[in-house]
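Input: a single structure, listed below in structure tokens.
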Amino acid sequence: MLTITLLGTGSPLPDPDRAGPSTLVTGGDDQFLVDAGRGVLMRLAGAGSAAGQLRAVLLTHLHSDHITDLNDVITSRWVMTFEPTPLTIVGPVGTQDVVDHIVASLGPDIGYRIAHHDDLDYPPPVDVIEMTEGEIDLGGSVRVTCAPTDHKPVEPSIGYRFDFDGASVVAAGDTVPCAGLDSLCDGAQALVHTVIRKDMIRDIPVQRLVDTLDYHSSPEEAAQTAARADLETLVLTHYVPTFPSGGGDDWKALAAAHFAGTVELGDDLHRVDVHPPTS
């Protein structure tokens, strides 16, 4: 079984009820954080986990809302473990440069902590793996693969697939429908997909908002991707515009018109268990 926990279902717009984009995928003893949006460690704590328990952080792309609190994950992993425990960060080409700059920005804090704690005599250990597509060597019992997605002009961007004990989950990140995502979904059971309501946004007289229609999927488009792969479950997240806690029935209805499987959405910490097929 694989478990999906929607840590943050929000967007770039600050929301008192929704943290920024982040999803936890768990298989056996392995935990993977997909993206690290605003408030991610608070939500990770709410899910009963912590930075020190992560096998890896997987970034779908380098938009600010998906990496806002990556610095917090790096620092907390370093400070809250008591021997050098490298944090593995996987992402598209460009991730190493971003991580290097984050660690450099933490320079004063790193210096203070090393000066104060005799047993903390090393900087945050971080291992970066830049990927385009293929299998990612992360050890453990969960097989992780990635493929390109289409979030242009944000380029490159990638999605991830997790395979464990017969169950398969795909985390898409921000993208429009594309061949790379279709390839990841082939034979999987569940897809976690960020979505925006294009029917609402296209009528807002603010060009910067209308521009977002270019490179995000609607619930209908995410559902069509899930239907093409004959998935069992579609999990929607990253809601723009947001809806009140406990709502979202209209979002489900839009997706259900194109997908016969189960459509899941919810508030932060919404959890979905994905079991291997029975036949």
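We label chains A, B, ... in the order they appear in the structure tokens, count residues from 1 in each chain, and number ligands from 1 in the order shown.
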
Quick one: everything within 8 Å of Ala188 of chain A, counting only C-alpha atoms, minus sequence neighbours fewer than 5 positions away in the same chain. Send it as a JSON list (two decimals) with C-alpha atoms, in the first residue's frame.
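So part-v9.json came out as:
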```
[["chain", "number", "residue", "atom", "x", "y", "z"],
["A", 167, "ALA", "CA", 0.69, -0.15, -5.75],
["A", 168, "SER", "CA", 1.59, 2.85, -7.93],
["A", 169, "VAL", "CA", 1.05, 6.58, -7.38],
["A", 170, "VAL", "CA", 1.94, 9.47, -9.70],
["A", 229, "ALA", "CA", -4.56, 5.80, -18.17],
["A", 231, "LEU", "CA", -6.60, 4.97, -13.21]]
```

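Using only C-alpha atoms, the protein and nucleic acid residues lying no more than 12 Å from Asp15 of chain A, apart from those fewer than 3 places from it along its own chain, are Gly8, Thr9, Gly10, Ser11, Pro12, Arg18, Ala19, Gly20, Pro21, Arg38, Gly39, His238, Tyr239, Val240, Pro241, Thr242, Phe243, Pro244, Ser245, Asp267 and Asp268 of chain A.
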
Using only C-alpha atoms, please write the residues we just selected to a file, as a short mmCIF file (atom, residue, chain, number, x, y, z; two decimals), in the first residue's frame.
```
data_model
loop_
_atom_site.label_atom_id
_atom_site.label_comp_id
_atom_site.auth_asym_id
_atom_site.auth_seq_id
_atom_site.Cartn_x
_atom_site.Cartn_y
_atom_site.Cartn_z
CA GLY A 8 -0.53 21.68 1.55
CA THR A 9 -3.45 22.21 -0.84
CA GLY A 10 -2.97 25.94 -1.33
CA SER A 11 -1.45 28.08 -4.05
CA PRO A 12 0.89 31.08 -4.31
CA ARG A 18 -4.21 25.96 3.38
CA ALA A 19 -0.44 25.56 3.35
CA GLY A 20 1.54 25.85 0.13
CA PRO A 21 1.87 23.00 -2.38
CA ARG A 38 4.68 27.44 2.58
CA GLY A 39 4.17 25.84 6.02
CA HIS A 238 -3.37 23.21 -5.31
CA TYR A 239 -6.83 24.74 -5.67
CA VAL A 240 -7.07 28.08 -7.47
CA PRO A 241 -9.28 29.79 -6.49
CA THR A 242 -9.64 28.08 -3.15
CA PHE A 243 -12.91 26.91 -1.63
CA PRO A 244 -14.12 26.73 2.00
CA SER A 245 -13.14 23.83 4.21
CA ASP A 267 -8.33 20.13 3.18
CA ASP A 268 -4.70 19.96 4.28
#
```

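Of the listed residues A:Leu138, A:Val126, A:Ala222, A:Leu7, the one whose atoms come nearest to Leu33 of chain A is A:Leu7, with distances taken using only C-alpha atoms.
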
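Among A:Thr145, A:Asp186, A:Arg43, A:Pro123, the residue with the shortest atom-to-atom distance to Asp17 of chain A, counting only C-alpha atoms, is A:Arg43.
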
Hey, could you make a per-residue contact list for segment 121-172 of chain A against segment 84-88 of chain A with 9 Å as the cut-off, showing the nearest pair of atoms and its distance in Å to one decimal, counting only C-alpha atoms, sorted by chain and number, as a tab-separated table?
```
residue	atom	partner	partner_atom	distance
A:Tyr122	CA	A:Pro84	CA	7.9
A:Pro124	CA	A:Pro86	CA	7.5
A:Pro125	CA	A:Pro86	CA	4.5
A:Val126	CA	A:Leu87	CA	4.8
A:Asp127	CA	A:Thr88	CA	4.7
A:Val128	CA	A:Thr88	CA	5.8
A:Ile129	CA	A:Thr88	CA	7.4
A:Leu138	CA	A:Thr88	CA	8.3
```

Store the residues picked out above, limited to N, CA and C atoms, as an mmCIF file, in the first residue's frame.
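Written file, again_5.cif:
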```
data_model
loop_
_atom_site.group_PDB
_atom_site.id
_atom_site.type_symbol
_atom_site.label_atom_id
_atom_site.label_comp_id
_atom_site.auth_asym_id
_atom_site.auth_seq_id
_atom_site.Cartn_x
_atom_site.Cartn_y
_atom_site.Cartn_z
ATOM 1 N N TYR A 122 29.491 20.655 11.638
ATOM 2 C CA TYR A 122 29.454 20.461 10.184
ATOM 3 C C TYR A 122 28.242 21.220 9.643
ATOM 4 N N PRO A 124 24.916 21.895 7.026
ATOM 5 C CA PRO A 124 23.841 20.980 6.631
ATOM 6 C C PRO A 124 24.280 20.084 5.468
ATOM 7 N N PRO A 125 24.252 18.758 5.655
ATOM 8 C CA PRO A 125 24.631 17.870 4.552
ATOM 9 C C PRO A 125 23.455 17.677 3.589
ATOM 10 N N VAL A 126 23.649 18.052 2.356
ATOM 11 C CA VAL A 126 22.593 17.965 1.342
ATOM 12 C C VAL A 126 23.163 17.319 0.085
ATOM 13 N N ASP A 127 22.475 16.304 -0.402
ATOM 14 C CA ASP A 127 22.830 15.658 -1.664
ATOM 15 C C ASP A 127 21.757 15.982 -2.695
ATOM 16 N N VAL A 128 22.153 16.575 -3.807
ATOM 17 C CA VAL A 128 21.203 16.955 -4.860
ATOM 18 C C VAL A 128 21.357 16.010 -6.044
ATOM 19 N N ILE A 129 20.223 15.532 -6.534
ATOM 20 C CA ILE A 129 20.178 14.713 -7.743
ATOM 21 C C ILE A 129 19.322 15.443 -8.765
ATOM 22 N N LEU A 138 17.361 5.897 -4.995
ATOM 23 C CA LEU A 138 17.182 6.463 -3.660
ATOM 24 C C LEU A 138 17.278 5.410 -2.574
#
```

Review point. Pick the closest to Cys146 of chain A from A:Gly159, A:Pro14, A:Pro177, A:Gly261: which is it, counting only C-alpha atoms?
Key: A:Gly159

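Compared by their closest atoms to Gly139 of chain A, and using only C-alpha atoms, the residues A:Thr262, A:Thr237, A:Ser157, A:Gln31 rank with A:Gln31 nearest.
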
Point to revise | Shell of 12 Å around Val263 of chain A, only C-alpha atoms, local chain residues under 2 positions omitted, as an MDAnalysis selection string | key: chainID A and resid 190:193 219:220 222:223 226:227 231:237 248:261 265:266 272

Exercise for review: Pick out the residues sitting within 9 Å of Pro276 of chain A, and hand them over as a ChimeraX atom specification; count only C-alpha atoms, and ignore anything fewer than 6 positions along from it in its own chain.
Suggested key: /A:1-2,164-168,189

Exercise for review: Within segment 78-244 of chain A, find each residue whose DSSP state, derived from the backbone, is strand (DSSP E), and express the selection as a PyMOL selection string.
Suggested key: chain A and resi 87-91+126-130+134-136+143-148+158-164+167-171+190-196+233-240

Exercise for review: Could you tell me how far atom CA of Thr23 of chain A lies from atom CA of Asp72 of chain A, in Å and to one decimal?
Suggested key: 15.9 Å

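With only C-alpha atoms as the atoms that count, the residue of A:Thr175, A:Ser64, A:Thr95, A:Ser183 with the shortest distance to His216 of chain A is A:Thr175.
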
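Distance check against Leu120 of chain A using only C-alpha atoms: of A:Ile4, A:Ile89, A:Val79, A:Val98, the minimum falls on A:Val79.
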
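Interatomic distance, atom CA of Gly52 of chain A to atom CA of Thr5 of chain A: 17.3 Å.
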
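Taking atom CA of Asp199 of chain A and atom CA of Val40 of chain A as the two end points, the separation is 29.1 Å.
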